[in-house]
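*Asks:* Contents of coords10.txt (compact mmCIF, C-alpha atoms) are below:
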# COMPACT_ATOMS: atom_id res chain seq x y z
CA MET A 1327 22.32 -6.78 2.33
CA ASN A 1328 21.05 -9.39 -0.10
CA ASN A 1329 22.29 -7.81 -3.36
CA MET A 1330 18.78 -7.35 -4.70
CA ILE A 1331 17.60 -10.96 -4.62
CA ILE A 1332 14.16 -9.36 -4.23
CA SER A 1333 13.14 -8.31 -7.75
CA GLY A 1334 9.97 -6.32 -7.15
CA VAL A 1335 6.49 -6.26 -5.69
CA ASN A 1336 4.28 -9.00 -7.09
CA ASN A 1337 1.03 -8.84 -5.11
CA GLN A 1338 -1.02 -6.54 -2.89
CA VAL A 1339 -3.78 -8.20 -0.86
CA PHE A 1340 -6.76 -6.23 0.45
CA VAL A 1341 -9.79 -7.11 2.59
CA ALA A 1342 -13.29 -6.49 1.23
CA SER A 1343 -16.83 -6.93 2.54
CA ASN A 1344 -18.27 -7.92 -0.85
CA LEU A 1345 -16.27 -9.40 -3.73
CA GLY A 1346 -19.07 -8.70 -6.22
CA ARG A 1347 -18.67 -4.95 -5.72
CA ILE A 1348 -14.90 -5.29 -5.95
CA GLU A 1349 -15.16 -7.21 -9.22
CA HIS A 1350 -17.36 -4.51 -10.74
CA PHE A 1351 -14.91 -1.80 -9.61
CA TYR A 1352 -11.79 -3.42 -11.08
CA ALA A 1353 -13.23 -5.21 -14.12
CA GLU A 1354 -15.88 -2.76 -15.32
CA ILE A 1355 -14.54 0.59 -14.10
CA LEU A 1356 -10.74 0.13 -14.12
CA GLY A 1357 -10.67 -2.41 -16.95
CA LEU A 1358 -8.57 -5.09 -15.24
CA PRO A 1359 -9.11 -8.79 -15.95
CA VAL A 1360 -10.14 -11.30 -13.27
CA VAL A 1361 -7.36 -13.89 -13.30
CA LYS A 1362 -8.35 -16.15 -10.37
CA ARG A 1363 -11.37 -17.04 -8.25
CA THR A 1364 -10.42 -19.22 -5.30
CA VAL A 1365 -10.33 -19.45 -1.51
CA HIS A 1366 -7.60 -18.55 0.95
CA HIS A 1367 -4.91 -21.21 1.30
CA LEU A 1368 -5.19 -21.07 5.11
CA ASP A 1369 -8.99 -21.34 5.35
CA PRO A 1370 -11.51 -22.21 2.61
CA ARG A 1371 -14.19 -20.13 4.33
CA LEU A 1372 -12.40 -17.01 3.02
CA PRO A 1373 -13.19 -16.37 -0.68
CA VAL A 1374 -10.45 -14.65 -2.74
CA ILE A 1375 -10.55 -12.89 -6.11
CA THR A 1376 -7.43 -11.77 -8.00
CA PHE A 1377 -7.00 -9.21 -10.79
CA GLY A 1378 -4.15 -8.91 -13.26
CA PHE A 1379 -3.12 -6.50 -16.01
CA HIS A 1380 -3.40 -6.69 -19.78
CA ALA A 1381 -0.28 -7.11 -21.91
CA PHE A 1382 0.53 -4.35 -24.42
CA LYS A 1383 2.58 -4.53 -27.60
CA GLY A 1384 6.21 -3.60 -27.05
CA GLU A 1385 5.93 -3.72 -23.23
CA PRO A 1386 6.90 -6.50 -20.81
CA LYS A 1387 3.96 -8.37 -19.34
CA ARG A 1388 3.44 -7.24 -15.75
CA ARG A 1389 3.29 -10.03 -13.21
CA HIS A 1390 1.60 -7.79 -10.65
CA THR A 1391 -1.66 -9.00 -9.14
CA ILE A 1392 -4.21 -7.43 -6.82
CA SER A 1393 -6.09 -9.83 -4.55
CA TYR A 1394 -9.05 -9.33 -2.24
CA ILE A 1395 -10.06 -11.55 0.67
CA GLU A 1396 -13.74 -11.33 1.62
CA TRP A 1397 -14.49 -10.73 5.31
CA ASN A 1398 -18.22 -10.15 5.43
CA PRO A 1399 -19.70 -10.43 8.96
CA ILE A 1400 -21.43 -7.16 9.74
CA PHE A 1401 -20.65 -7.09 13.47
CA TYR A 1402 -17.45 -9.13 13.76
CA ALA A 1403 -13.98 -7.62 13.65
CA MET A 1404 -11.31 -9.24 11.54
CA PRO A 1405 -8.79 -11.26 13.60
CA GLU A 1406 -6.13 -8.87 14.92
CA THR A 1407 -3.26 -11.06 13.76
CA GLY A 1408 -4.56 -11.30 10.20
CA PHE A 1409 -4.44 -14.44 8.09
CA VAL A 1410 -0.82 -15.52 8.31
CA ASP A 1411 -0.79 -18.58 10.58
CA PRO A 1412 -2.86 -21.75 9.96
CA ALA A 1413 -4.07 -22.32 13.52
CA ALA A 1414 -4.70 -18.65 14.31
CA THR A 1415 -6.53 -18.14 11.01
CA ALA A 1416 -8.86 -21.09 11.61
CA ALA A 1417 -9.55 -19.97 15.18
CA GLY A 1418 -10.11 -16.35 14.16
CA VAL A 1419 -12.53 -17.23 11.37
CA ALA A 1420 -14.47 -19.71 13.52
CA ASN A 1421 -14.60 -17.50 16.61
CA PRO A 1422 -14.34 -13.84 15.58
CA ARG A 1423 -14.47 -11.00 18.07
CA VAL A 1424 -17.51 -8.74 18.16
CA GLY A 1425 -16.57 -5.37 16.71
CA ASP A 1426 -16.29 -3.20 13.62
CA PRO A 1427 -15.08 -5.19 10.59
CA LYS A 1428 -13.83 -2.01 8.91
CA GLY A 1429 -10.09 -1.40 8.92
CA ARG A 1430 -8.39 1.87 9.81
CA TRP A 1431 -5.07 2.89 8.32
CA GLY A 1432 -2.32 4.03 10.64
CA ALA A 1433 1.19 3.14 11.72
CA GLY A 1434 1.88 -0.45 10.74
CA THR A 1435 -0.55 -0.57 7.81
CA ASN A 1436 -0.61 0.16 4.12
CA HIS A 1437 -1.81 3.63 3.07
CA HIS A 1438 -2.46 3.15 -0.66
CA LEU A 1439 -1.69 1.18 -3.79
CA ALA A 1440 -0.52 3.22 -6.78
CA LEU A 1441 -1.31 1.91 -10.26
CA HIS A 1442 0.68 2.99 -13.30
CA VAL A 1443 -0.41 4.99 -16.35
CA PRO A 1444 2.32 6.32 -18.66
CA THR A 1445 1.29 9.94 -19.32
CA ARG A 1446 -0.39 12.89 -17.66
CA ASN A 1447 -3.01 13.00 -20.42
CA GLY A 1448 -3.85 9.41 -19.51
CA LEU A 1449 -4.19 10.49 -15.90
CA LEU A 1450 -6.67 13.20 -16.87
CA LYS A 1451 -8.65 10.66 -18.91
CA TRP A 1452 -8.90 8.49 -15.80
CA LYS A 1453 -10.13 11.44 -13.77
CA ARG A 1454 -12.83 12.23 -16.31
CA ARG A 1455 -13.90 8.60 -16.69
CA LEU A 1456 -14.08 7.99 -12.94
CA THR A 1457 -15.89 11.20 -12.04
CA ASP A 1458 -18.42 10.64 -14.86
CA LEU A 1459 -19.08 7.23 -13.27
CA GLY A 1460 -19.83 8.88 -9.93
CA LEU A 1461 -16.54 8.26 -8.11
CA HIS A 1462 -14.88 11.01 -6.09
CA VAL A 1463 -11.37 11.71 -7.41
CA THR A 1464 -8.78 14.15 -6.02
CA GLY A 1465 -5.90 15.55 -8.08
CA PRO A 1466 -4.10 15.65 -10.41
CA TYR A 1467 -1.34 16.46 -7.96
CA ASN A 1468 2.28 17.16 -8.87
CA ARG A 1469 4.25 14.74 -6.67
CA ASN A 1470 7.58 15.99 -8.12
CA TYR A 1471 8.56 12.49 -9.33
CA PHE A 1472 5.19 11.73 -10.92
CA HIS A 1473 1.66 13.12 -11.20
CA ALA A 1474 -1.24 11.37 -9.47
CA VAL A 1475 -4.96 11.19 -8.80
CA TYR A 1476 -6.62 9.40 -5.88
CA LEU A 1477 -9.87 7.52 -5.37
CA ARG A 1478 -11.26 4.78 -3.11
CA ASP A 1479 -12.38 1.21 -3.76
CA PRO A 1480 -15.94 0.23 -2.72
CA ASP A 1481 -14.80 -0.44 0.87
CA GLY A 1482 -12.76 2.74 1.16
CA ALA A 1483 -9.20 1.55 0.41
CA ILE A 1484 -7.16 4.34 -1.20
CA ILE A 1485 -6.10 3.72 -4.80
CA GLU A 1486 -3.70 6.07 -6.59
CA ILE A 1487 -3.08 6.30 -10.33
CA ALA A 1488 0.40 7.67 -11.07
CA THR A 1489 2.42 8.61 -14.16
CA THR A 1490 5.90 7.57 -15.29
CA GLU A 1491 7.38 11.05 -15.64
CA PRO A 1492 9.39 12.92 -14.56
CA GLY A 1493 10.91 10.04 -12.59
CA PHE A 1494 13.04 9.82 -9.46
CA GLY A 1495 16.36 11.07 -10.85
CA HIS A 1496 15.59 14.62 -11.95
CA ASP A 1497 16.51 16.33 -8.67
CA GLU A 1498 19.67 14.47 -7.59
CA ALA A 1499 22.58 12.79 -9.36
CA VAL A 1500 22.93 10.05 -6.73
CA LEU A 1501 19.58 8.69 -5.65
CA GLY A 1502 18.97 8.72 -1.90
CA SER A 1503 22.10 10.78 -1.21
CA GLY A 1504 20.34 13.41 0.87
CA PHE A 1505 17.04 14.93 1.91
CA ARG A 1506 15.31 16.66 -0.99
CA PRO A 1507 12.75 19.29 0.07
CA GLN A 1508 9.65 19.51 -2.09
CA PRO A 1509 8.68 22.69 -3.98
CA LYS A 1510 6.21 24.73 -1.95
CA ALA A 1511 3.69 24.57 -4.80
CA ASN A 1512 3.43 20.79 -4.21
CA LEU A 1513 2.96 20.97 -0.44
CA ILE A 1514 -0.25 21.16 1.52
CA GLY A 1515 -1.09 24.83 2.00
CA GLY A 1516 1.04 25.82 -0.99
CA ARG A 1517 -0.94 24.29 -3.82
CA ASP A 1518 -4.11 25.60 -5.41
CA GLU A 1519 -6.70 22.96 -4.50
CA VAL A 1520 -9.56 24.59 -6.44
CA LEU A 1521 -7.50 24.80 -9.64
CA THR A 1522 -6.38 21.19 -9.17
CA ALA A 1523 -9.94 19.98 -8.61
CA ALA A 1524 -11.14 21.76 -11.76
CA GLU A 1525 -8.59 20.18 -14.13
CA THR A 1526 -9.85 17.19 -16.10
CA TRP A 1527 -10.06 15.73 -19.62
CA PRO A 1528 -12.40 17.82 -21.80
CA GLN A 1529 -14.35 14.93 -23.35
CA PRO A 1530 -16.18 11.92 -21.85
CA VAL A 1531 -14.13 8.70 -21.72
CA PRO A 1532 -16.66 5.83 -21.87
CA VAL A 1533 -14.16 3.12 -22.86
CA VAL A 1534 -10.70 2.25 -21.48
CA THR A 1535 -8.39 2.40 -24.51
CA GLU A 1536 -4.80 1.20 -24.78
CA ASP A 1537 -3.27 4.68 -24.55
CA PHE A 1538 -4.35 5.09 -20.93
CA ALA A 1539 -5.04 1.53 -19.74
CA LEU A 1540 -3.40 0.65 -16.41
CA ARG A 1541 0.00 -0.99 -16.91
CA GLY A 1542 0.60 -2.52 -13.47
CA PHE A 1543 1.79 -1.24 -10.11
CA HIS A 1544 3.56 2.09 -9.79
CA HIS A 1545 4.39 1.81 -6.08
CA ILE A 1546 2.99 0.75 -2.72
CA THR A 1547 2.90 3.18 0.21
CA SER A 1548 2.67 2.32 3.91
CA ILE A 1549 2.91 4.28 7.17
CA SER A 1550 5.83 4.36 9.58
CA SER A 1551 5.89 5.90 13.05
CA ASN A 1552 9.70 6.13 12.91
CA ALA A 1553 11.23 6.76 9.46
CA GLU A 1554 14.83 6.06 10.52
CA ARG A 1555 13.90 2.73 12.13
CA THR A 1556 11.96 1.72 9.01
CA GLU A 1557 14.89 2.75 6.80
CA LYS A 1558 17.30 0.60 8.79
CA PHE A 1559 14.94 -2.37 8.58
CA PHE A 1560 14.24 -2.29 4.84
CA VAL A 1561 17.80 -1.39 3.83
CA GLU A 1562 19.94 -3.35 6.28
CA THR A 1563 17.66 -6.30 7.06
CA VAL A 1564 15.41 -6.80 4.03
CA GLY A 1565 18.01 -5.54 1.57
CA LEU A 1566 16.22 -2.87 -0.46
CA ARG A 1567 17.84 0.29 -1.81
CA LEU A 1568 16.91 3.71 -0.43
CA ILE A 1569 16.38 6.01 -3.44
CA LYS A 1570 14.66 9.08 -2.06
CA LYS A 1571 14.22 11.07 1.15
CA THR A 1572 11.76 13.91 0.87
CA ASP A 1573 8.74 15.63 2.42
CA TYR A 1574 5.33 14.06 2.89
CA LEU A 1575 3.27 16.41 0.76
CA ASP A 1576 -0.03 16.11 2.63
CA GLU A 1577 1.07 16.56 6.26
CA LYS A 1578 3.42 19.21 7.60
CA GLY A 1579 6.37 17.64 9.40
CA GLY A 1580 5.96 14.24 7.76
CA THR A 1581 8.58 12.55 5.60
CA HIS A 1582 8.36 10.32 2.53
CA TYR A 1583 11.09 7.71 1.94
CA TYR A 1584 11.25 5.61 -1.25
CA TYR A 1585 12.87 2.16 -1.57
CA ALA A 1586 13.64 0.24 -4.76
CA CYS A 1587 13.60 -3.51 -5.32
CA ASP A 1588 15.53 -3.35 -8.60
CA ASP A 1589 18.26 -1.16 -10.08
CA ALA A 1590 16.12 -0.03 -13.01
CA LEU A 1591 13.54 1.63 -10.69
CA SER A 1592 10.87 0.15 -12.93
CA PRO A 1593 7.21 0.84 -12.11
CA GLY A 1594 6.05 -1.66 -9.55
CA SER A 1595 9.48 -2.13 -8.00
CA VAL A 1596 9.16 0.71 -5.47
CA LEU A 1597 7.96 0.75 -1.86
CA THR A 1598 7.44 4.04 -0.06
CA PHE A 1599 6.74 4.96 3.55
CA PHE A 1600 5.17 8.07 5.01
CA GLY A 1601 7.08 8.95 8.17
CA LEU A 1602 4.57 10.22 10.74
CA PRO A 1603 6.28 10.25 14.18
CA GLY A 1604 4.19 8.69 16.93
CA TYR A 1605 1.22 8.11 14.60
CA THR A 1606 -1.70 6.02 15.90
CA ALA A 1607 -1.50 2.33 15.05
CA GLY A 1608 -3.86 1.08 12.36
CA ARG A 1609 -6.32 -1.81 12.51
CA LEU A 1610 -6.76 -4.61 9.98
CA GLY A 1611 -10.15 -4.95 8.33
CA THR A 1612 -12.22 -4.20 5.26
CA GLY A 1613 -11.12 -1.24 3.17
CA LEU A 1614 -7.48 -1.81 4.03
CA SER A 1615 -4.59 -3.85 2.75
CA HIS A 1616 -3.81 -7.12 4.50
CA HIS A 1617 -0.23 -7.42 3.20
CA PHE A 1618 2.05 -6.95 0.22
CA SER A 1619 4.40 -9.55 -1.27
CA LEU A 1620 7.94 -9.02 -2.50
CA GLU A 1621 9.04 -11.40 -5.25
CA VAL A 1622 12.07 -13.65 -5.53
CA GLU A 1623 13.00 -15.78 -8.52
CA ASN A 1624 12.28 -19.31 -7.30
CA GLU A 1625 11.94 -21.62 -4.30
CA ALA A 1626 15.70 -21.76 -3.75
CA ALA A 1627 15.83 -17.97 -3.45
CA LEU A 1628 12.79 -18.08 -1.15
CA ALA A 1629 14.52 -20.61 1.13
CA HIS A 1630 17.65 -18.41 1.10
CA GLU A 1631 15.67 -15.35 2.18
CA HIS A 1632 13.75 -17.31 4.80
CA GLY A 1633 16.96 -18.54 6.39
CA ARG A 1634 18.66 -15.14 6.15
CA LEU A 1635 15.81 -13.22 7.77
CA LYS A 1636 15.41 -15.87 10.46
CA ARG A 1637 19.11 -15.56 11.30
CA ALA A 1638 18.61 -11.80 11.46
CA GLY A 1639 16.19 -12.38 14.33
CA LEU A 1640 12.87 -11.72 12.59
CA ASP A 1641 9.74 -13.47 13.76
CA ILE A 1642 8.74 -15.12 10.49
CA SER A 1643 6.21 -17.75 9.46
CA ASN A 1644 7.10 -21.08 7.94
CA VAL A 1645 7.19 -21.24 4.16
CA GLN A 1646 3.59 -21.87 3.05
CA ASP A 1647 2.17 -23.38 -0.11
CA ALA A 1648 -0.36 -20.84 -1.35
CA ILE A 1649 -1.13 -22.99 -4.44
CA TYR A 1650 -0.08 -20.32 -6.94
CA SER A 1651 3.11 -19.38 -5.13
CA LYS A 1652 5.21 -20.31 -2.11
CA LEU A 1653 5.61 -17.58 0.48
CA PHE A 1654 6.35 -16.65 4.08
CA TYR A 1655 5.21 -13.73 6.21
CA PHE A 1656 7.04 -11.30 8.47
CA ARG A 1657 6.32 -7.86 9.94
CA ASP A 1658 8.05 -4.51 9.69
CA PRO A 1659 8.98 -2.61 12.90
CA ASP A 1660 5.50 -1.07 13.12
CA GLY A 1661 3.81 -4.46 12.69
CA HIS A 1662 2.77 -4.18 9.02
CA ILE A 1663 2.39 -7.65 7.47
CA CYS A 1664 4.81 -8.28 4.60
CA ALA A 1665 5.57 -11.41 2.60
CA ILE A 1666 8.28 -12.76 0.36
CA SER A 1667 6.96 -14.93 -2.44
CA THR A 1668 7.94 -16.88 -5.50
CA PRO A 1669 6.38 -15.66 -8.79
CA THR A 1670 2.63 -16.15 -9.04
CA LEU A 1671 1.76 -19.01 -11.43
CA LEU A 1672 -1.95 -18.81 -12.11
CA ALA A 1673 -2.23 -21.40 -14.88
CA VAL A 1674 -1.48 -24.43 -12.69
CA ASP A 1675 -5.19 -25.31 -12.43
CA GLU A 1676 -6.89 -23.61 -15.41
CA PRO A 1677 -5.79 -22.65 -18.94
CA GLU A 1678 -3.92 -19.38 -19.46
CA ASP A 1679 -6.59 -18.18 -21.90
CA ALA A 1680 -9.44 -18.94 -19.47
CA LEU A 1681 -8.13 -17.52 -16.19
CA GLY A 1682 -10.71 -16.32 -13.69
CA ARG A 1683 -13.73 -17.97 -15.27
CA LYS A 1684 -14.37 -20.64 -12.65
CA LEU A 1685 -13.88 -21.21 -8.92
CA CYS A 1686 -10.56 -23.01 -8.47
CA LEU A 1687 -10.09 -24.87 -5.19
CA PRO A 1688 -6.95 -26.30 -3.60
CA PRO A 1689 -6.88 -30.09 -4.08
CA ASN A 1690 -7.21 -30.75 -0.35
CA VAL A 1691 -10.63 -29.02 -0.19
CA GLU A 1692 -12.06 -29.99 -3.59
CA GLU A 1693 -14.34 -32.53 -1.90
CA GLN A 1694 -15.90 -29.60 0.01
CA ARG A 1695 -16.82 -27.75 -3.20
CA ILE A 1696 -20.60 -27.87 -2.70
CA GLU A 1697 -20.33 -26.51 0.84
CA ILE A 1698 -17.78 -23.84 -0.20
CA GLU A 1699 -19.90 -22.68 -3.15
CA ARG A 1700 -22.95 -22.51 -0.90
CA ASN A 1701 -21.08 -20.42 1.66
CA ILE A 1702 -19.80 -18.06 -1.06
CA ALA A 1703 -23.33 -17.65 -2.43
CA LEU A 1704 -25.11 -17.19 0.93
CA ARG A 1705 -22.24 -15.59 2.88
CA PRO A 1706 -23.37 -16.68 6.37
CA ALA A 1707 -21.85 -15.18 9.49
CA PRO A 1708 -19.29 -17.43 11.22
CA THR A 1709 -20.61 -20.12 13.52
CA PRO A 1710 -18.44 -20.54 16.61
CA VAL A 1711 -16.91 -24.00 16.89
CA PRO A 1712 -17.32 -25.44 20.40
CA PRO A 1713 -14.07 -26.55 22.08
CA ALA A 1714 -13.19 -30.19 21.59
Go ahead and express the file in the form of structure tokens.

*Replies:*
Amino acid sequence: MNNMIISGVNNQVFVASNLGRIEHFYAEILGLPVVKRTVHHLDPRLPVITFGFHAFKGEPKRRHTISYIEWNPIFYAMPETGFVDPAATAAGVANPRVGDPKGRWGAGTNHHLALHVPTRNGLLKWKRRLTDLGLHVTGPYNRNYFHAVYLRDPDGAIIEIATTEPGFGHDEAVLGSGFRPQPKANLIGGRDEVLTAAETWPQPVPVVTEDFALRGFHHITSISSNAERTEKFFVETVGLRLIKKTDYLDEKGGTHYYYACDDALSPGSVLTFFGLPGYTAGRLGTGLSHHFSLEVENEAALAHEHGRLKRAGLDISNVQDAIYSKLFYFRDPDGHICAISTPTLLAVDEPEDALGRKLCLPPNVEEQRIEIERNIALRPAPTPVPPA
């Protein structure tokens, strides 16, 4: 155990086929600010856009960010290993495999990112706003510890919006002390799907107002083919706290385990895993998460965690300079890419009050700006590099 050196989740990184569509979705529909336009630290041929959250009076400013890497070739699959190693990333981008670029969630991948809205009325306002804009939304579902609606980003990644209440502590005095079955009315087959689909806010919601604006992350959910193995890994090796064992509401026989990164169980500090025994492995690609990052306080804490996990026998990357943070990658027992990162510092290369307005490049590729901007504008398919 690491006594909660990990303080929360700070970043979720997805893969998209078109960053313009993604920007419209987050900035215009969900109301989130663009806070960085850049390229991937391992290969400047991969454009990246990052979104943050607005600060609200009386609330702490959320440091959560959502990033998207663009992988746009129509008939090339994304490299199987993802973008975690410098040499493999360069080789994979230069010489991609023919295949479907679209990802497929399964064991060893993320399932969805849940964003936080305080109240159920706010949730209903989101449903009305999104459906009026032509998006398909399911819910609101009673998840026992919160209420939630679900939608998809332009590439098909699942996004959840979830409420604060009633919280994780209402059905047990000691969190994680035992398996807590879900009420039948919340389970698949037991809930009234037609009644749920009909419930929405009675008036149009053309503008995102402060009362229901998104506050940050609520939780991140991934898929495990062996819930007990995943529990042992994240509790005993990574050092998180198990706070809930319950049913997976949308699949009979599945489980849903919740892990906390901080003692306050604050929104954005929770990871969850659907336990689906023997489930088919997923595939990285567009419409799917690439990885999530857990945050530590500083570089000293990052070095501590790197050494500790290496001694525990994990296959981990070197610590990498990602310009706005330092981080390293590792994988969970199903192969899902995870990272541990220092806090994201976005104002190192542009003013805090002007974030996201220009393309920021790492200093080592600034001299390639014209070529990089041309590639972002034209988005050519990769050209294989002949062997030296």

*Asks:* As a ChimeraX atom specification, please: the residues near stretch 1395-1409 of chain A (cut-off 8 Å, only C-alpha atoms, same-chain neighbours under 5 positions excluded).

*Replies:* /A:1339-1345,1366,1368,1372-1375,1414-1415,1418-1419,1422-1428,1609-1612,1616,1705-1708

*Asks:* Given the choices A:Arg1478, A:Asn1470, A:Ala1488, A:Thr1526, which gets closest to A:Arg1506 if the distance is worked out from only C-alpha atoms?

*Replies:* A:Asn1470

*Asks:* Would you pick out the contacts of A:Glu1676 at 10 Å or less, using all atoms listed in the file, so that residues sharing its chain but fewer than 4 positions from it are not included, and give the list as a PDB file with C-alpha atoms, keeping the file's coordinate frame?

*Replies:*
ATOM      1  CA  VAL A1361      -7.360 -13.890 -13.300  1.00  0.00           C
ATOM      2  CA  LYS A1362      -8.350 -16.150 -10.370  1.00  0.00           C
ATOM      3  CA  LEU A1672      -1.950 -18.810 -12.110  1.00  0.00           C
ATOM      4  CA  ALA A1680      -9.440 -18.940 -19.470  1.00  0.00           C
ATOM      5  CA  LEU A1681      -8.130 -17.520 -16.190  1.00  0.00           C
ATOM      6  CA  GLY A1682     -10.710 -16.320 -13.690  1.00  0.00           C
ATOM      7  CA  ARG A1683     -13.730 -17.970 -15.270  1.00  0.00           C
ATOM      8  CA  LYS A1684     -14.370 -20.640 -12.650  1.00  0.00           C
ATOM      9  CA  LEU A1685     -13.880 -21.210  -8.920  1.00  0.00           C
ATOM     10  CA  CYS A1686     -10.560 -23.010  -8.470  1.00  0.00           C
TER      11      CYS A1686
END

*Asks:* What separation in Å, quoted to one decimal, exists between atom CA of A:Ser1595 and atom CA of A:Ala1626?

*Replies:*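 These atoms are spaced 21.0 Å apart.
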
*Asks:* If I put a ball of radius 6 Å at (5.0, 14.5, -16.7) in the file's coordinates, which residues poke into it when counting all atoms listed in the file, written as a list in words?

*Replies:*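 Nearby residues: Arg1446, Glu1491 and Pro1492 of chain A.
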
*Asks:* Expressed in Å to a single decimal, how great is the separation between atom CA of A:Asp1497 and atom CA of A:Tyr1471?

*Replies:*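 So the two atoms, atom CA of A:Asp1497 and atom CA of A:Tyr1471, lie 8.9 Å apart.
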
*Asks:* Quick one: pull the distance between atom CA of A:Leu1653 and atom CA of A:Ser1619, Å, one decimal.

*Replies:*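 Answer for the atom CA of A:Leu1653 to atom CA of A:Ser1619 separation: 8.3 Å.
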
*Asks:* Counting only C-alpha atoms, figure out which residue out of A:Asp1481, A:Asp1573, A:Glu1562, A:Asp1411 gets nearest to A:Arg1430.

*Replies:*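 Ranking A:Asp1481, A:Asp1573, A:Glu1562, A:Asp1411 by distance to A:Arg1430, first place goes to A:Asp1481.
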
*Asks:* What lies within 7 Å of A:Pro1669 using only C-alpha atoms, ignoring chain neighbours under 4 positions off, as a list of chain:residue names?

*Replies:* A:Glu1621, A:Val1622, A:Glu1623, A:Ser1651

*Asks:* For A:Cys1587, which residue among A:Ser1333, A:Ser1551, A:Asn1421, A:Asn1436 is the nearest when counting all atoms listed in the file?

*Replies:*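 Using all atoms listed in the file, the shortest distance to A:Cys1587 belongs to A:Ser1333.
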